[in-house]
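Trainee: This one is run35.txt, compact mmCIF, C-alpha atoms.
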# COMPACT_ATOMS: atom_id res chain seq x y z
CA MET R 1 0.00 0.00 0.00
CA PRO R 2 1.50 3.38 -0.97
CA ALA R 3 1.72 5.79 1.94
CA LYS R 4 3.69 8.87 2.94
CA LEU R 5 4.75 9.60 6.49
CA TYR R 6 5.54 13.13 7.62
CA LEU R 7 7.69 13.34 10.75
CA PRO R 8 8.91 16.32 12.79
CA PRO R 9 12.59 17.24 12.43
CA ALA R 10 14.84 14.89 14.39
CA ALA R 11 15.78 17.72 16.73
CA ALA R 12 12.11 18.14 17.68
CA LEU R 13 11.60 14.48 18.63
CA CYS R 14 11.64 14.26 22.38
CA GLY R 15 9.63 11.17 23.17
CA PRO R 16 6.64 9.47 21.54
CA ILE R 17 4.55 11.84 19.43
CA PRO R 18 0.89 11.77 18.34
CA LEU R 19 0.01 10.43 14.88
CA VAL R 20 -2.67 11.59 12.44
CA VAL R 21 -3.78 9.03 9.82
CA PHE R 22 -5.08 10.87 6.74
CA SER R 23 -7.46 9.65 4.00
CA HIS R 24 -7.60 11.44 0.63
CA ARG R 25 -10.64 12.26 -1.47
CA LEU R 26 -11.80 10.28 -4.50
CA GLY R 27 -9.04 10.48 -7.11
CA GLY R 28 -6.36 11.61 -4.66
CA SER R 29 -3.05 10.12 -3.57
CA ARG R 30 -0.54 10.03 -0.73
CA GLU R 31 1.10 13.13 -2.22
CA GLY R 32 -1.98 15.28 -1.67
CA TYR R 33 -2.78 17.52 1.29
CA SER R 34 0.91 18.17 1.78
CA TYR R 35 0.17 21.53 3.42
CA LEU R 36 -1.49 19.63 6.25
CA GLY R 37 1.16 16.92 6.59
CA THR R 38 4.03 19.39 6.45
CA ASN R 39 2.57 21.82 8.95
CA TRP R 40 1.33 19.18 11.37
CA ALA R 41 4.80 17.61 11.39
CA ALA R 42 6.39 21.00 11.98
CA ARG R 43 4.28 21.28 15.12
CA GLY R 44 5.20 17.88 16.52
CA TYR R 45 2.68 15.49 14.97
CA ALA R 46 3.42 12.55 12.69
CA SER R 47 1.08 12.50 9.69
CA LEU R 48 0.49 9.28 7.75
CA HIS R 49 -1.10 9.85 4.33
CA VAL R 50 -2.53 6.62 2.96
CA GLN R 51 -3.21 6.05 -0.75
CA HIS R 52 -6.33 3.98 -1.44
CA ALA R 53 -5.81 1.74 -4.45
CA GLY R 54 -9.12 1.52 -6.28
CA SER R 55 -10.25 5.08 -5.57
CA ASP R 56 -6.95 6.94 -5.95
CA SER R 57 -5.49 9.06 -8.76
CA ARG R 58 -5.67 6.14 -11.18
CA VAL R 59 -9.37 6.85 -11.74
CA TRP R 60 -8.26 9.83 -13.88
CA LYS R 61 -6.11 7.66 -16.15
CA GLY R 62 -7.28 5.86 -19.27
CA ASN R 63 -9.99 6.82 -21.73
CA PRO R 64 -11.18 10.34 -20.78
CA PHE R 65 -14.70 9.50 -21.93
CA ASP R 66 -14.89 6.81 -19.24
CA VAL R 67 -13.92 9.04 -16.31
CA VAL R 68 -17.50 9.47 -15.09
CA SER R 69 -18.18 5.74 -15.13
CA ARG R 70 -14.90 5.07 -13.31
CA LEU R 71 -15.79 7.60 -10.62
CA GLN R 72 -19.26 6.14 -10.18
CA SER R 73 -17.95 2.58 -10.07
CA VAL R 74 -15.87 3.19 -6.93
CA ALA R 75 -18.63 4.93 -4.96
CA ASN R 76 -19.81 1.68 -3.44
CA GLU R 77 -19.86 -0.16 -0.14
CA ALA R 78 -16.99 -2.50 -0.98
CA GLU R 79 -14.64 0.40 -1.70
CA ALA R 80 -15.77 2.26 1.43
CA VAL R 81 -14.94 -0.81 3.52
CA ASP R 82 -11.61 -1.34 1.74
CA ARG R 83 -10.62 2.26 2.44
CA VAL R 84 -11.20 2.08 6.18
CA ARG R 85 -9.35 -1.24 6.28
CA ASP R 86 -6.48 0.49 4.47
CA LEU R 87 -6.20 2.94 7.36
CA GLY R 88 -6.08 0.18 9.94
CA PHE R 89 -3.51 -1.81 8.00
CA ALA R 90 -1.27 1.23 7.47
CA LEU R 91 -1.49 2.08 11.15
CA ASP R 92 -0.56 -1.51 12.04
CA GLN R 93 2.54 -1.27 9.86
CA VAL R 94 3.72 2.01 11.34
CA LEU R 95 3.24 0.89 14.93
CA ALA R 96 5.09 -2.37 14.21
CA ASP R 97 8.00 -0.74 12.37
CA PRO R 98 11.16 -1.13 14.50
CA GLN R 99 12.58 2.07 13.00
CA LEU R 100 9.66 3.97 14.53
CA ALA R 101 9.75 2.29 17.92
CA GLY R 102 9.45 4.99 20.55
CA VAL R 103 8.65 7.65 17.94
CA VAL R 104 4.87 7.27 17.58
CA ASP R 105 2.65 7.17 20.66
CA PRO R 106 0.07 4.37 20.20
CA GLY R 107 -2.13 6.02 22.79
CA ARG R 108 -2.48 9.27 20.83
CA ILE R 109 -3.79 8.37 17.37
CA LEU R 110 -6.14 10.63 15.39
CA VAL R 111 -7.79 10.26 11.99
CA ALA R 112 -8.55 12.90 9.37
CA GLY R 113 -9.90 12.98 5.83
CA HIS R 114 -11.37 15.15 3.10
CA SER R 115 -14.50 14.43 1.04
CA TYR R 116 -14.63 10.65 0.38
CA GLY R 117 -11.72 10.47 2.80
CA ALA R 118 -13.88 12.19 5.42
CA ASN R 119 -16.38 9.33 5.05
CA THR R 120 -13.46 6.94 5.58
CA ALA R 121 -12.41 8.84 8.70
CA LEU R 122 -15.98 8.71 10.01
CA LEU R 123 -16.03 4.92 9.62
CA ALA R 124 -12.74 4.60 11.48
CA ALA R 125 -14.19 6.88 14.17
CA GLY R 126 -17.20 4.63 14.73
CA ALA R 127 -19.81 5.23 12.03
CA ALA R 128 -21.75 2.03 11.32
CA PHE R 129 -23.94 0.59 8.56
CA ALA R 130 -27.26 -1.02 9.47
CA ARG R 131 -27.65 -4.31 7.63
CA PRO R 132 -30.17 -7.19 7.92
CA GLN R 133 -27.48 -9.34 9.55
CA GLY R 134 -26.70 -6.58 12.06
CA ALA R 135 -24.61 -3.42 12.34
CA MET R 136 -21.39 -3.27 10.33
CA SER R 137 -18.84 -1.25 12.27
CA PHE R 138 -15.19 -0.63 11.43
CA ARG R 139 -14.36 1.44 14.50
CA ASP R 140 -10.64 1.50 15.26
CA SER R 141 -10.38 1.66 19.03
CA ARG R 142 -6.90 3.20 18.78
CA ILE R 143 -8.34 6.43 17.36
CA ILE R 144 -9.25 9.05 19.94
CA GLY R 145 -10.27 12.01 17.75
CA ALA R 146 -11.28 12.78 14.15
CA VAL R 147 -11.06 15.74 11.74
CA ILE R 148 -13.86 15.60 9.16
CA ILE R 149 -13.38 17.95 6.18
CA SER R 150 -16.19 18.36 3.63
CA ALA R 151 -17.87 15.01 4.28
CA PRO R 152 -20.65 14.13 1.82
CA PRO R 153 -23.56 11.88 2.85
CA PHE R 154 -22.79 8.18 2.61
CA HIS R 155 -23.65 7.20 -0.94
CA GLY R 156 -26.77 5.08 -1.31
CA GLU R 157 -27.71 5.07 2.37
CA ALA R 158 -31.35 5.76 3.15
CA ASP R 159 -30.70 6.95 6.72
CA PRO R 160 -27.28 8.64 6.82
CA ASP R 161 -27.99 10.13 10.26
CA ALA R 162 -28.11 6.68 11.82
CA ILE R 163 -24.67 5.89 10.39
CA VAL R 164 -22.81 8.62 12.30
CA ARG R 165 -24.83 8.57 15.50
CA PRO R 166 -22.72 5.79 17.10
CA ILE R 167 -19.56 7.94 17.00
CA ASP R 168 -18.50 8.77 20.54
CA ILE R 169 -15.04 10.32 20.16
CA PRO R 170 -14.28 14.06 19.72
CA THR R 171 -14.76 15.32 16.15
CA LEU R 172 -13.94 18.55 14.33
CA HIS R 173 -16.01 19.16 11.18
CA ILE R 174 -14.75 21.71 8.63
CA THR R 175 -16.65 23.08 5.64
CA ALA R 176 -17.47 26.30 3.74
CA THR R 177 -20.64 27.86 2.38
CA GLY R 178 -19.33 27.22 -1.14
CA ASP R 179 -18.46 23.61 -0.34
CA ASP R 180 -20.48 22.02 -3.15
CA ILE R 181 -19.77 18.71 -4.89
CA ARG R 182 -20.96 18.61 -8.49
CA VAL R 183 -20.13 15.59 -10.64
CA PRO R 184 -22.31 13.94 -13.29
CA GLY R 185 -25.02 11.98 -11.53
CA TYR R 186 -24.22 13.31 -8.06
CA ALA R 187 -24.60 16.58 -6.19
CA SER R 188 -24.03 17.45 -2.55
CA GLY R 189 -24.18 20.93 -1.05
CA TYR R 190 -22.90 22.69 2.04
CA ASP R 191 -26.12 21.89 3.91
CA ASP R 192 -25.21 18.21 3.78
CA ARG R 193 -22.04 18.91 5.77
CA VAL R 194 -24.02 20.76 8.44
CA GLN R 195 -26.61 17.98 8.69
CA LEU R 196 -23.91 15.33 9.02
CA PHE R 197 -22.29 17.32 11.83
CA ALA R 198 -25.62 17.64 13.64
CA ALA R 199 -26.23 13.90 13.38
CA THR R 200 -22.76 12.87 14.57
CA GLY R 201 -22.70 11.45 18.06
CA GLY R 202 -20.22 12.23 20.81
CA ARG R 203 -19.94 14.58 23.75
CA GLN R 204 -17.31 16.81 22.16
CA LYS R 205 -17.69 18.06 18.59
CA ALA R 206 -17.21 21.29 16.69
CA LEU R 207 -18.25 22.71 13.32
CA VAL R 208 -16.14 25.33 11.56
CA THR R 209 -17.73 26.95 8.50
CA PHE R 210 -15.69 29.29 6.29
CA ARG R 211 -17.37 31.86 4.07
CA ASP R 212 -17.58 31.26 0.31
CA GLY R 213 -14.74 29.02 -0.93
CA SER R 214 -15.15 25.67 -2.68
CA HIS R 215 -14.96 21.94 -2.08
CA SER R 216 -11.47 21.72 -3.58
CA MET R 217 -9.86 24.55 -1.63
CA PHE R 218 -9.03 22.10 1.16
CA THR R 219 -6.76 20.19 -1.23
CA ASP R 220 -3.31 21.40 -2.32
CA ARG R 221 -4.85 23.44 -5.14
CA LEU R 222 -3.83 27.08 -4.74
CA ALA R 223 -6.61 28.88 -6.58
CA ALA R 224 -9.73 26.87 -5.77
CA GLY R 225 -12.28 29.09 -4.07
CA GLY R 226 -10.26 32.21 -4.92
CA ARG R 227 -6.51 32.52 -4.53
CA GLU R 228 -6.51 34.93 -1.56
CA LEU R 229 -9.28 33.16 0.33
CA ASN R 230 -7.70 29.80 -0.47
CA GLN R 231 -4.47 30.72 1.31
CA GLN R 232 -6.29 32.23 4.27
CA VAL R 233 -8.44 29.13 4.70
CA LYS R 234 -5.43 26.81 4.50
CA VAL R 235 -3.65 28.76 7.25
CA ALA R 236 -6.79 28.72 9.40
CA THR R 237 -7.43 25.03 8.75
CA VAL R 238 -3.92 24.12 9.88
CA ASP R 239 -4.21 26.31 12.97
CA LEU R 240 -7.67 25.13 14.01
CA THR R 241 -6.88 21.45 13.50
CA LEU R 242 -3.79 21.87 15.66
CA ALA R 243 -5.96 23.55 18.31
CA PHE R 244 -8.35 20.59 18.16
CA PHE R 245 -5.43 18.18 18.49
CA ALA R 246 -4.23 20.08 21.54
CA ASP R 247 -7.66 19.74 23.13
CA VAL R 248 -7.88 16.03 22.39
CA VAL R 249 -4.35 14.69 22.88
CA GLY R 250 -2.45 17.51 24.53
CA GLY R 251 -4.32 17.63 27.80
CA ALA R 252 -5.38 21.21 27.12
CA SER R 253 -8.89 22.64 27.38
CA GLY R 254 -10.60 25.33 25.32
CA VAL R 255 -7.74 25.79 22.83
CA LEU R 256 -10.04 25.45 19.81
CA THR R 257 -12.50 27.91 21.30
CA SER R 258 -9.90 30.59 21.94
CA ARG R 259 -8.00 30.03 18.66
CA SER R 260 -11.13 30.28 16.52
CA ALA R 261 -11.79 33.78 17.85
CA GLY R 262 -8.93 35.03 15.67
CA TYR R 263 -10.71 34.02 12.45
CA GLY R 264 -13.93 35.96 12.79
CA ASP R 265 -13.48 37.54 9.35
CA LEU R 266 -13.25 34.12 7.69
CA LEU R 267 -15.91 32.23 9.61
CA VAL R 268 -19.62 32.52 9.03
CA HIS R 269 -20.49 29.86 11.56
CA LEU R 270 -18.82 28.25 14.53
CA GLU R 271 -20.56 25.68 16.67
CA LEU R 272 -18.91 24.07 19.65
CA GLU R 273 -20.36 21.30 21.77
CA PRO R 274 -17.82 20.98 24.56
CA ARG R 275 -16.90 17.89 26.51
CA VAL R 276 -19.50 16.89 29.07
CA ALA R 277 -18.50 14.86 32.10
CA PRO R 278 -20.10 11.40 32.03
How does the structure come out when it is put into structure tokens?
Mentor:
Amino acid sequence: MPAKLYLPPAAALCGPIPLVVFSHRLGGSREGYSYLGTNWAARGYASLHVQHAGSDSRVWKGNPFDVVSRLQSVANEAEAVDRVRDLGFALDQVLADPQLAGVVDPGRILVAGHSYGANTALLAAGAAFARPQGAMSFRDSRIIGAVIISAPPFHGEADPDAIVRPIDIPTLHITATGDDIRVPGYASGYDDRVQLFAATGGRQKALVTFRDGSHSMFTDRLAAGGRELNQQVKVATVDLTLAFFADVVGGASGVLTSRSAGYGDLLVHLELEPRVAP
């Protein structure tokens, strides 16, 4: 399985560090979202970017007239399951690698993803499918927090709310009012991201909504959503995800709340549901 691991500089390694496992969108690769991997590593987090064979950049290759059919063919349950299993397998390999012994803290693992990768992250975080034979869950108990960027509804599911309700770990959802997915045969708007956030279970979750923008501005593309706004949103996304990480794995409290106050000109909506004592 292709994967790319971002690590902090050797001089910054002073004991086991947290790890973020990242899942790319449909048609992406391990090389994507480098602005997240690079900046997270610079701040002391390992970032493992997994490439999902079957729904990676190879869908763009071949006959251009068949692109739509290739995209539609991988939006299915089997691929969704394969993707979340990819994350678990990649995490197994990193934690078992003798070269990384003592580098990655197995007790501080987070998951993140964009678009189709956000669906993958939700499954790893505890989302479950209802099936006649019972619930299908792919929850990875090692994961203690999740960053969900631009998650569409689960394709073909009649009751998407029920899928994400079982999640019980902290989640940070990120979107924008221009966060629309438009491909032949499929459309999903910003409202879908808000509804998915509202349905997600857990005692600690947050929704960050940027103004305007686009679905692709959270990738490495530099002009999507407008060049100036694109750069501003990338900076804010890095900063706010790090604040969320600090709240979840750093033993801090209220970091995301205080940090988000500095982005009032970019945010049109911020919703925080803080941790509640059991």
Trainee: Provide the CA of Gly202 (chain R) to CA of Leu19 (chain R) distance in Å, to one decimal place.
Mentor: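 So the two atoms, CA of Gly202 (chain R) and CA of Leu19 (chain R), lie 21.2 Å apart.
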Trainee: With all atoms listed in the file as the atoms that count, which of R:Thr177, R:Gln93, R:Gln133, R:Gln195 lies nearest to Asp161 (chain R)?
Mentor: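 Going through R:Thr177, R:Gln93, R:Gln133, R:Gln195 one by one, the smallest distance to Asp161 (chain R) is for R:Gln195.
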Trainee: Need the shell around region 114-126 of chain R: protein/DNA/RNA residues with any atom at most 6 Å away, counting all atoms listed in the file. Skip same-chain ones fewer than 5 positions apart. Format as a list of chain:residue names?
Mentor: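 Near region 114-126 of chain R, the qualifying residues are R:Ser23, R:His24, R:Arg25, R:Leu26, R:Val84, R:Phe138, R:Arg139, R:Asp140, R:Ile148, R:Ile149, R:Ser150, R:Ala151, R:Ile167.
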Trainee: What does the distance between CA of Arg108 (chain R) and CA of Ala46 (chain R) come to in Å, to one decimal place?
Mentor: 10.6 Å
Trainee: Which polymer residues have any atom within 12 Å of an atom of Ala224 (chain R), counting all atoms listed in the file, with same-chain residues fewer than 2 positions away left out, as number ranges by chain?
Mentor: R: 178-179, 212-222, 226-234
Trainee: Just give me the gap between CA of Tyr190 (chain R) and CA of Leu172 (chain R) in Å, one decimal is fine.
Mentor: 15.8 Å
Trainee: Quick one: residues within 9 Å of Ala3 (chain R), only C-alpha atoms, excluding same-chain residues fewer than 2 positions away - as a PyMOL selection string?
Mentor: chain R and resi 1+5+29-31+48-52+90
Trainee: Pull C-alpha atoms from the residues just selected and write them as a PDB file, in the coordinates of the input.
Mentor:
ATOM      1  CA  MET R   1       0.000   0.000   0.000  1.00  0.00           C
ATOM      2  CA  LEU R   5       4.750   9.600   6.490  1.00  0.00           C
ATOM      3  CA  SER R  29      -3.050  10.120  -3.570  1.00  0.00           C
ATOM      4  CA  ARG R  30      -0.540  10.030  -0.730  1.00  0.00           C
ATOM      5  CA  GLU R  31       1.100  13.130  -2.220  1.00  0.00           C
ATOM      6  CA  LEU R  48       0.490   9.280   7.750  1.00  0.00           C
ATOM      7  CA  HIS R  49      -1.100   9.850   4.330  1.00  0.00           C
ATOM      8  CA  VAL R  50      -2.530   6.620   2.960  1.00  0.00           C
ATOM      9  CA  GLN R  51      -3.210   6.050  -0.750  1.00  0.00           C
ATOM     10  CA  HIS R  52      -6.330   3.980  -1.440  1.00  0.00           C
ATOM     11  CA  ALA R  90      -1.270   1.230   7.470  1.00  0.00           C
TER      12      ALA R  90
END
Trainee: Hey, which bits of region 90-156 of chain R sit within 12 Å of region 242-259 of chain R, and for each residue what's the closest pair of atoms and how far apart in Å (one decimal), counting only C-alpha atoms, rows by chain and increasing number, as JSON lines?
Mentor:
{"residue": "R:Asp105", "atom": "CA", "partner": "R:Val249", "partner_atom": "CA", "distance": 10.5}
{"residue": "R:Pro106", "atom": "CA", "partner": "R:Val249", "partner_atom": "CA", "distance": 11.5}
{"residue": "R:Gly107", "atom": "CA", "partner": "R:Val249", "partner_atom": "CA", "distance": 9.0}
{"residue": "R:Arg108", "atom": "CA", "partner": "R:Val249", "partner_atom": "CA", "distance": 6.1}
{"residue": "R:Ile109", "atom": "CA", "partner": "R:Val249", "partner_atom": "CA", "distance": 8.4}
{"residue": "R:Leu110", "atom": "CA", "partner": "R:Phe245", "partner_atom": "CA", "distance": 8.2}
{"residue": "R:Val111", "atom": "CA", "partner": "R:Phe245", "partner_atom": "CA", "distance": 10.5}
{"residue": "R:Ala112", "atom": "CA", "partner": "R:Phe245", "partner_atom": "CA", "distance": 11.0}
{"residue": "R:Ile143", "atom": "CA", "partner": "R:Val249", "partner_atom": "CA", "distance": 10.7}
{"residue": "R:Ile144", "atom": "CA", "partner": "R:Val248", "partner_atom": "CA", "distance": 7.5}
{"residue": "R:Gly145", "atom": "CA", "partner": "R:Val248", "partner_atom": "CA", "distance": 6.6}
{"residue": "R:Ala146", "atom": "CA", "partner": "R:Phe245", "partner_atom": "CA", "distance": 9.1}
{"residue": "R:Val147", "atom": "CA", "partner": "R:Phe244", "partner_atom": "CA", "distance": 8.5}
{"residue": "R:Ile148", "atom": "CA", "partner": "R:Phe244", "partner_atom": "CA", "distance": 11.7}
Trainee: Tell me which of R:Gly185, R:Gln99, R:Ala198, R:Asn39 sits closest to Thr237 (chain R), counting only C-alpha atoms.
Mentor: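 Nearest to Thr237 (chain R): R:Asn39.
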Trainee: Can you pull out the residues contacting Arg165 (chain R)? Cut-off 9 Å, using all atoms listed in the file, and skip same-chain residues under 6 positions away; I want them as a ChimeraX atom specification.
Mentor: /R:126-128,199-202
